[in-house]
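Asker: Got a structure for you, upload-v1.cif, holding mmCIF, C-alpha atoms.
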```
data_final
loop_
_atom_site.group_PDB
_atom_site.id
_atom_site.type_symbol
_atom_site.label_atom_id
_atom_site.label_comp_id
_atom_site.auth_asym_id
_atom_site.auth_seq_id
_atom_site.Cartn_x
_atom_site.Cartn_y
_atom_site.Cartn_z
ATOM 1 C CA MET G 80 87.671 55.143 133.111
ATOM 2 C CA TRP G 81 90.369 55.987 135.586
ATOM 3 C CA ALA G 82 89.844 58.487 138.441
ATOM 4 C CA THR G 83 92.582 61.055 138.949
ATOM 5 C CA CYS G 84 93.421 63.368 141.825
ATOM 6 C CA GLN G 85 92.234 66.877 141.018
ATOM 7 C CA ASP G 86 93.802 70.198 141.974
ATOM 8 C CA CYS G 87 91.945 72.204 144.599
ATOM 9 C CA ALA G 88 90.698 75.437 143.027
ATOM 10 C CA THR G 89 91.959 78.873 144.011
ATOM 11 C CA GLY G 90 90.534 79.723 147.448
ATOM 12 C CA LYS G 91 90.647 76.090 148.582
ATOM 13 C CA TYR G 92 93.250 73.705 150.008
ATOM 14 C CA SER G 93 93.575 70.082 151.086
ATOM 15 C CA PHE G 94 95.877 67.898 153.141
ATOM 16 C CA ALA G 95 97.322 64.620 151.854
ATOM 17 C CA GLY G 96 94.665 61.919 151.593
ATOM 18 C CA ALA G 97 91.745 64.359 151.475
ATOM 19 C CA SER G 98 88.527 63.399 149.722
ATOM 20 C CA ALA G 99 87.472 67.045 149.299
ATOM 21 C CA CYS G 100 88.982 70.510 149.343
ATOM 22 C CA GLU G 101 88.447 72.879 152.279
ATOM 23 C CA ASP G 102 87.467 76.519 151.767
ATOM 24 C CA CYS G 103 89.694 79.320 152.997
ATOM 25 C CA THR G 104 88.030 81.500 155.649
ATOM 26 C CA ASP G 105 85.811 84.407 154.542
ATOM 27 C CA ARG G 106 87.645 87.174 152.721
ATOM 28 C CA SER G 107 90.700 85.040 152.045
ATOM 29 C CA THR G 108 91.953 83.076 149.080
ATOM 30 C CA THR G 109 95.011 81.227 147.860
ATOM 31 C CA SER G 110 97.396 82.621 145.285
ATOM 32 C CA SER G 111 97.284 79.460 143.171
ATOM 33 C CA VAL G 112 95.527 76.148 142.652
ATOM 34 C CA ALA G 113 96.562 72.948 144.495
ATOM 35 C CA SER G 114 97.273 74.608 147.863
ATOM 36 C CA THR G 115 98.182 72.121 150.571
ATOM 37 C CA SER G 116 97.409 73.964 153.820
ATOM 38 C CA SER G 117 95.233 76.657 155.391
ATOM 39 C CA LEU G 118 98.524 78.551 155.788
ATOM 40 C CA SER G 119 98.296 79.170 152.021
ATOM 41 C CA CYS G 120 95.124 81.238 152.539
ATOM 42 C CA LEU G 121 95.807 84.962 152.238
ATOM 43 C CA CYS G 122 93.513 87.859 153.083
ATOM 44 C CA VAL G 123 92.112 89.510 149.958
ATOM 45 C CA GLU G 124 92.642 93.170 149.101
ATOM 46 C CA GLY G 125 91.017 95.501 151.651
ATOM 47 C CA TYR G 126 91.299 92.897 154.442
ATOM 48 C CA THR G 127 94.019 92.004 156.922
ATOM 49 C CA GLY G 128 94.684 89.103 159.277
ATOM 50 C CA ASP G 129 95.997 85.592 158.772
ATOM 51 C CA HIS G 130 94.848 82.101 157.760
ATOM 52 C CA ASN G 131 92.609 82.004 160.872
ATOM 53 C CA GLY G 132 90.502 84.936 159.706
ATOM 54 C CA CYS G 133 90.541 88.273 157.956
ATOM 55 C CA SER G 134 88.934 91.545 158.971
ATOM 56 C CA ALA G 135 88.198 94.594 156.865
ATOM 57 C CA CYS G 136 90.583 97.519 156.817
ATOM 58 C CA GLY G 137 88.979 100.167 159.010
ATOM 59 C CA PRO G 138 88.083 103.735 158.055
ATOM 60 C CA GLY G 139 91.144 105.790 157.158
ATOM 61 C CA THR G 140 93.052 102.746 155.885
ATOM 62 C CA PHE G 141 93.380 100.593 152.758
ATOM 63 C CA LYS G 142 95.243 97.512 151.493
ATOM 64 C CA PRO G 143 95.852 97.041 147.753
ATOM 65 C CA VAL G 144 97.373 93.533 147.824
ATOM 66 C CA LYS G 145 96.548 90.001 148.984
ATOM 67 C CA GLY G 146 98.401 88.865 152.076
ATOM 68 C CA ASP G 147 98.771 89.180 155.802
ATOM 69 C CA GLU G 148 100.164 92.723 155.691
ATOM 70 C CA ALA G 149 98.616 95.453 157.807
ATOM 71 C CA CYS G 150 96.366 98.049 156.215
ATOM 72 C CA SER G 151 98.067 101.348 155.316
ATOM 73 C CA GLY G 152 96.732 104.709 156.477
ATOM 74 C CA CYS G 153 95.477 107.438 154.186
ATOM 75 C CA THR G 154 98.232 109.995 153.680
ATOM 76 C CA ALA G 155 98.084 113.506 155.125
ATOM 77 C CA GLY G 156 95.656 115.712 153.203
ATOM 78 C CA LYS G 157 93.260 112.786 152.671
ATOM 79 C CA TYR G 158 90.602 110.871 154.593
ATOM 80 C CA SER G 159 88.304 107.883 154.133
ATOM 81 C CA ALA G 160 85.200 106.652 155.923
ATOM 82 C CA ALA G 161 85.199 103.498 153.765
ATOM 83 C CA VAL G 162 85.577 100.050 155.324
ATOM 84 C CA GLY G 163 87.540 97.470 153.307
ATOM 85 C CA ALA G 164 89.198 100.051 151.032
ATOM 86 C CA THR G 165 91.628 98.602 148.478
ATOM 87 C CA SER G 166 93.457 101.654 147.128
ATOM 88 C CA LEU G 167 94.914 105.020 148.124
ATOM 89 C CA SER G 168 92.436 106.417 145.586
ATOM 90 C CA ASP G 169 89.676 105.407 148.052
ATOM 91 C CA CYS G 170 91.044 108.166 150.299
ATOM 92 C CA GLN G 171 89.428 111.510 149.436
ATOM 93 C CA ALA G 172 91.457 114.700 149.305
ATOM 94 C CA CYS G 173 90.623 117.695 151.475
ATOM 95 C CA VAL G 174 88.974 120.322 149.269
ATOM 96 C CA PRO G 175 90.786 123.510 148.240
ATOM 97 C CA GLY G 176 90.848 125.951 151.149
ATOM 98 C CA LYS G 177 91.452 123.153 153.664
ATOM 99 C CA TYR G 178 94.394 120.948 154.698
ATOM 100 C CA SER G 179 95.044 117.979 156.994
ATOM 101 C CA THR G 180 98.196 116.864 158.771
ATOM 102 C CA ALA G 181 96.513 113.681 160.054
ATOM 103 C CA LEU G 182 97.561 110.239 158.849
ATOM 104 C CA GLY G 183 94.774 107.661 158.579
ATOM 105 C CA ALA G 184 92.052 110.299 158.915
ATOM 106 C CA ILE G 185 88.509 108.908 158.922
ATOM 107 C CA SER G 186 86.366 111.948 158.134
ATOM 108 C CA VAL G 187 86.227 115.315 156.419
ATOM 109 C CA ALA G 188 86.366 116.831 159.923
ATOM 110 C CA SER G 189 90.133 116.234 159.844
ATOM 111 C CA CYS G 190 90.405 118.861 157.077
ATOM 112 C CA MET G 191 91.190 122.177 158.748
ATOM 113 C CA PRO G 192 90.316 125.535 157.141
ATOM 114 C CA CYS G 193 92.944 128.031 156.097
ATOM 115 C CA ALA G 194 92.732 131.061 158.375
ATOM 116 C CA ALA G 195 91.221 134.379 157.311
ATOM 117 C CA GLY G 196 93.746 136.323 155.249
ATOM 118 C CA LYS G 197 94.881 133.136 153.513
ATOM 119 C CA TYR G 198 93.700 130.922 150.658
ATOM 120 C CA LEU G 199 94.566 127.539 149.157
ATOM 121 C CA GLY G 200 93.746 126.667 145.558
ATOM 122 C CA VAL G 201 94.662 122.968 145.536
ATOM 123 C CA ALA G 202 93.050 119.848 147.005
ATOM 124 C CA GLY G 203 94.886 117.455 149.325
ATOM 125 C CA ALA G 204 97.100 119.984 151.116
ATOM 126 C CA THR G 205 99.050 118.602 154.077
ATOM 127 C CA ALA G 206 100.001 121.613 156.216
ATOM 128 C CA SER G 207 98.813 125.062 157.270
ATOM 129 C CA SER G 208 101.951 126.407 155.593
ATOM 130 C CA ASP G 209 100.373 125.382 152.260
ATOM 131 C CA CYS G 210 97.838 128.192 152.742
ATOM 132 C CA MET G 211 98.944 131.273 150.793
ATOM 133 C CA ARG G 212 98.771 134.749 152.363
ATOM 134 C CA CYS G 213 96.851 137.608 150.773
ATOM 135 C CA GLY G 214 99.381 140.119 149.459
ATOM 136 C CA ALA G 215 100.221 143.525 150.869
ATOM 137 C CA GLY G 216 97.461 146.060 150.255
ATOM 138 C CA LYS G 217 94.828 143.320 150.616
ATOM 139 C CA PHE G 218 92.880 141.521 153.347
ATOM 140 C CA SER G 219 90.295 138.742 153.689
ATOM 141 C CA THR G 220 87.878 137.902 156.496
ATOM 142 C CA ILE G 221 86.918 134.553 154.913
ATOM 143 C CA THR G 222 88.210 131.225 156.262
ATOM 144 C CA ALA G 223 88.726 128.137 154.070
ATOM 145 C CA ALA G 224 89.110 130.321 150.973
ATOM 146 C CA ALA G 225 89.949 128.399 147.804
ATOM 147 C CA SER G 226 91.103 131.329 145.674
ATOM 148 C CA LYS G 227 93.011 134.587 145.995
ATOM 149 C CA THR G 228 89.932 136.350 144.624
ATOM 150 C CA VAL G 229 88.734 136.587 148.259
ATOM 151 C CA CYS G 230 91.595 138.969 148.993
ATOM 152 C CA THR G 231 90.015 142.433 149.000
ATOM 153 C CA ASN G 232 91.969 145.592 148.171
ATOM 154 C CA CYS G 233 92.403 148.258 150.821
ATOM 155 C CA PRO G 234 90.220 151.215 149.755
ATOM 156 C CA PRO G 235 91.627 154.317 148.033
ATOM 157 C CA GLY G 236 93.299 156.611 150.564
ATOM 158 C CA ALA G 237 94.560 153.628 152.580
ATOM 159 C CA TYR G 238 97.446 151.154 152.402
ATOM 160 C CA SER G 239 98.711 148.012 154.130
ATOM 161 C CA SER G 240 102.151 146.437 154.128
ATOM 162 C CA SER G 241 100.824 143.384 156.030
ATOM 163 C CA LEU G 242 100.817 139.961 154.369
ATOM 164 C CA GLY G 243 97.932 137.627 155.212
ATOM 165 C CA ALA G 244 95.818 140.394 156.741
ATOM 166 C CA SER G 245 92.473 139.170 158.101
ATOM 167 C CA SER G 246 90.780 142.516 158.685
ATOM 168 C CA GLU G 247 90.261 145.840 156.946
ATOM 169 C CA ALA G 248 91.680 147.357 160.145
ATOM 170 C CA THR G 249 95.147 146.595 158.752
ATOM 171 C CA CYS G 250 94.468 149.155 156.021
ATOM 172 C CA LEU G 251 95.921 152.380 157.396
ATOM 173 C CA LYS G 252 94.979 155.853 156.207
ATOM 174 C CA CYS G 253 97.608 157.553 154.102
ATOM 175 C CA PRO G 254 99.458 160.071 156.289
ATOM 176 C CA ALA G 255 98.920 163.786 155.891
ATOM 177 C CA GLY G 256 100.584 165.087 152.755
ATOM 178 C CA LYS G 257 100.191 161.764 150.893
ATOM 179 C CA TYR G 258 97.335 160.057 149.025
ATOM 180 C CA SER G 259 96.428 156.910 147.142
ATOM 181 C CA ALA G 260 93.857 157.257 144.388
ATOM 182 C CA LEU G 261 93.875 153.519 143.689
ATOM 183 C CA ALA G 262 92.687 150.637 145.867
ATOM 184 C CA GLY G 263 95.212 148.062 147.099
ATOM 185 C CA ALA G 264 98.144 150.341 147.974
ATOM 186 C CA ASP G 265 100.893 148.498 149.839
ATOM 187 C CA GLN G 266 102.876 151.529 151.127
#
```
Show how you would write the structure in this file as structure tokens.
Answerer:
Amino acid sequence: MWATCQDCATGKYSFAGASACEDCTDRSTTSSVASTSSLSCLCVEGYTGDHNGCSACGPGTFKPVKGDEACSGCTAGKYSAAVGATSLSDCQACVPGKYSTALGAISVASCMPCAAGKYLGVAGATASSDCMRCGAGKFSTITAAASKTVCTNCPPGAYSSSLGASSEATCLKCPAGKYSALAGADQ
């Protein structure tokens, strides 16, 4: 029986004249069999570095491909405490009622509440301008509101033309000679 030279498996390499294959460093692999150098070793998904060693992507970042590329940050409106994340889907969206302008955010603390008088019904918002104002004739004292149902009507006999009002004090009494039998008057 004749002995033949064998291909090094994926994740291993050898130089000419080798009697055995060498392993790539931890958290790295090769993209094919029969690699001829440690330079062929690439960091796996969720890790970054080079053929000398790979380290996990830190919180707030991810890397979906093999290679020496840097980890990418979570987009605005999202955060991640995970280490070694491999996908943007590992980044969690700020809940409705909150937004985040931060890139690469590492915790839910980066999600800021919409101010009183405003609400936000979608997750993953990226700016305070995404928060919607309560309409005229309404107000809300609640922060981080996720629905316009928190917007309370001004009482009968009062009105407000203010948008995004955060206090019932914006509801003004109807002037003498006028009335409003219904709640939520806007003039």
Asker: Taking 2 positions as the minimum chain separation for residues in the same chain, which residues sit within 9 Å of Glu247 of chain G when counting all atoms listed in the file? Answer as a ChimeraX atom specification.
Answerer: /G:217-220,231-234,244-245,249-251
Asker: Selection in question (the file shown): the PyMOL selection byres ((chain G and resi 105-108) around 6). Which residues does it include, as a PDB file with C-alpha atoms, in the coordinates of the input?
Answerer:
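See expr.pdb below for the written result:
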```
ATOM      1  CA  GLY G  90      90.534  79.723 147.448  1.00  0.00           C
ATOM      2  CA  CYS G 103      89.694  79.320 152.997  1.00  0.00           C
ATOM      3  CA  THR G 104      88.030  81.500 155.649  1.00  0.00           C
ATOM      4  CA  THR G 109      95.011  81.227 147.860  1.00  0.00           C
ATOM      5  CA  CYS G 120      95.124  81.238 152.539  1.00  0.00           C
ATOM      6  CA  LEU G 121      95.807  84.962 152.238  1.00  0.00           C
ATOM      7  CA  CYS G 122      93.513  87.859 153.083  1.00  0.00           C
ATOM      8  CA  VAL G 123      92.112  89.510 149.958  1.00  0.00           C
TER       9      VAL G 123
END
```
Asker: Convert the output of the PyMOL selection byres ((chain G and resi 157) around 10) on the shown file into explicit residues, formatted as a PyMOL selection string.
Answerer: chain G and resi 139+152-156+158-159+167-174+178-187+189-190+202-205
Asker: Could you expand the PyMOL selection byres ((chain G and resi 221-228) around 9) into the explicit residues it covers here, written as a PyMOL selection string?
Answerer: chain G and resi 174-177+191-201+211-213+219-220+229-231+245
Asker: Which of these, G:Gly256, G:Ser93, G:Gly216, G:Thr140, has the shortest distance to Ser117 of chain G once you count all atoms listed in the file?
Answerer: G:Ser93
Asker: What does the distance from atom CA of Ala88 of chain G to atom CA of Ser166 of chain G come to in Å, to one decimal?
Answerer: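 Between atom CA of Ala88 of chain G and atom CA of Ser166 of chain G the gap works out to 26.7 Å.
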Asker: Would you fill out segment 153-166 of chain G with N, CA, C and O atoms and return it as an mmCIF file, keeping the file's coordinate frame?
Answerer:
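The result, written out as part_37.cif:
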```
data_model
loop_
_atom_site.group_PDB
_atom_site.id
_atom_site.type_symbol
_atom_site.label_atom_id
_atom_site.label_comp_id
_atom_site.auth_asym_id
_atom_site.auth_seq_id
_atom_site.Cartn_x
_atom_site.Cartn_y
_atom_site.Cartn_z
ATOM 1 N N CYS G 153 95.560 106.357 155.178
ATOM 2 C CA CYS G 153 95.477 107.438 154.186
ATOM 3 C C CYS G 153 96.590 108.433 154.501
ATOM 4 O O CYS G 153 96.926 108.655 155.661
ATOM 5 N N THR G 154 97.162 109.027 153.489
ATOM 6 C CA THR G 154 98.232 109.995 153.680
ATOM 7 C C THR G 154 97.657 111.320 154.180
ATOM 8 O O THR G 154 96.448 111.555 154.096
ATOM 9 N N ALA G 155 98.511 112.172 154.693
ATOM 10 C CA ALA G 155 98.084 113.506 155.125
ATOM 11 C C ALA G 155 97.407 114.204 153.947
ATOM 12 O O ALA G 155 97.763 113.996 152.793
ATOM 13 N N GLY G 156 96.405 115.008 154.245
ATOM 14 C CA GLY G 156 95.656 115.712 153.203
ATOM 15 C C GLY G 156 94.509 114.908 152.644
ATOM 16 O O GLY G 156 93.796 115.370 151.765
ATOM 17 N N LYS G 157 94.324 113.668 153.161
ATOM 18 C CA LYS G 157 93.260 112.786 152.671
ATOM 19 C C LYS G 157 92.572 112.105 153.840
ATOM 20 O O LYS G 157 93.120 112.024 154.935
ATOM 21 N N TYR G 158 91.378 111.585 153.583
ATOM 22 C CA TYR G 158 90.602 110.871 154.593
ATOM 23 C C TYR G 158 89.714 109.844 153.901
ATOM 24 O O TYR G 158 89.470 109.918 152.705
ATOM 25 N N SER G 159 89.233 108.874 154.683
ATOM 26 C CA SER G 159 88.304 107.883 154.133
ATOM 27 C C SER G 159 87.435 107.316 155.240
ATOM 28 O O SER G 159 87.939 106.891 156.277
ATOM 29 N N ALA G 160 86.137 107.292 155.003
ATOM 30 C CA ALA G 160 85.200 106.652 155.923
ATOM 31 C C ALA G 160 84.921 105.218 155.480
ATOM 32 O O ALA G 160 84.233 104.473 156.174
ATOM 33 N N ALA G 161 85.476 104.818 154.337
ATOM 34 C CA ALA G 161 85.199 103.498 153.765
ATOM 35 C C ALA G 161 85.798 102.381 154.617
ATOM 36 O O ALA G 161 86.880 102.521 155.184
ATOM 37 N N VAL G 162 85.100 101.269 154.675
ATOM 38 C CA VAL G 162 85.577 100.050 155.324
ATOM 39 C C VAL G 162 85.944 99.070 154.205
ATOM 40 O O VAL G 162 85.200 98.920 153.247
ATOM 41 N N GLY G 163 87.115 98.430 154.324
ATOM 42 C CA GLY G 163 87.540 97.470 153.307
ATOM 43 C C GLY G 163 88.107 98.127 152.057
ATOM 44 O O GLY G 163 88.073 97.535 150.977
ATOM 45 N N ALA G 164 88.649 99.327 152.184
ATOM 46 C CA ALA G 164 89.198 100.051 151.032
ATOM 47 C C ALA G 164 90.414 99.314 150.470
ATOM 48 O O ALA G 164 91.203 98.730 151.209
ATOM 49 N N THR G 165 90.565 99.355 149.146
ATOM 50 C CA THR G 165 91.628 98.602 148.478
ATOM 51 C C THR G 165 92.679 99.478 147.805
ATOM 52 O O THR G 165 93.622 98.960 147.222
ATOM 53 N N SER G 166 92.531 100.797 147.866
ATOM 54 C CA SER G 166 93.457 101.654 147.128
ATOM 55 C C SER G 166 93.577 103.018 147.799
ATOM 56 O O SER G 166 92.619 103.509 148.403
#
```
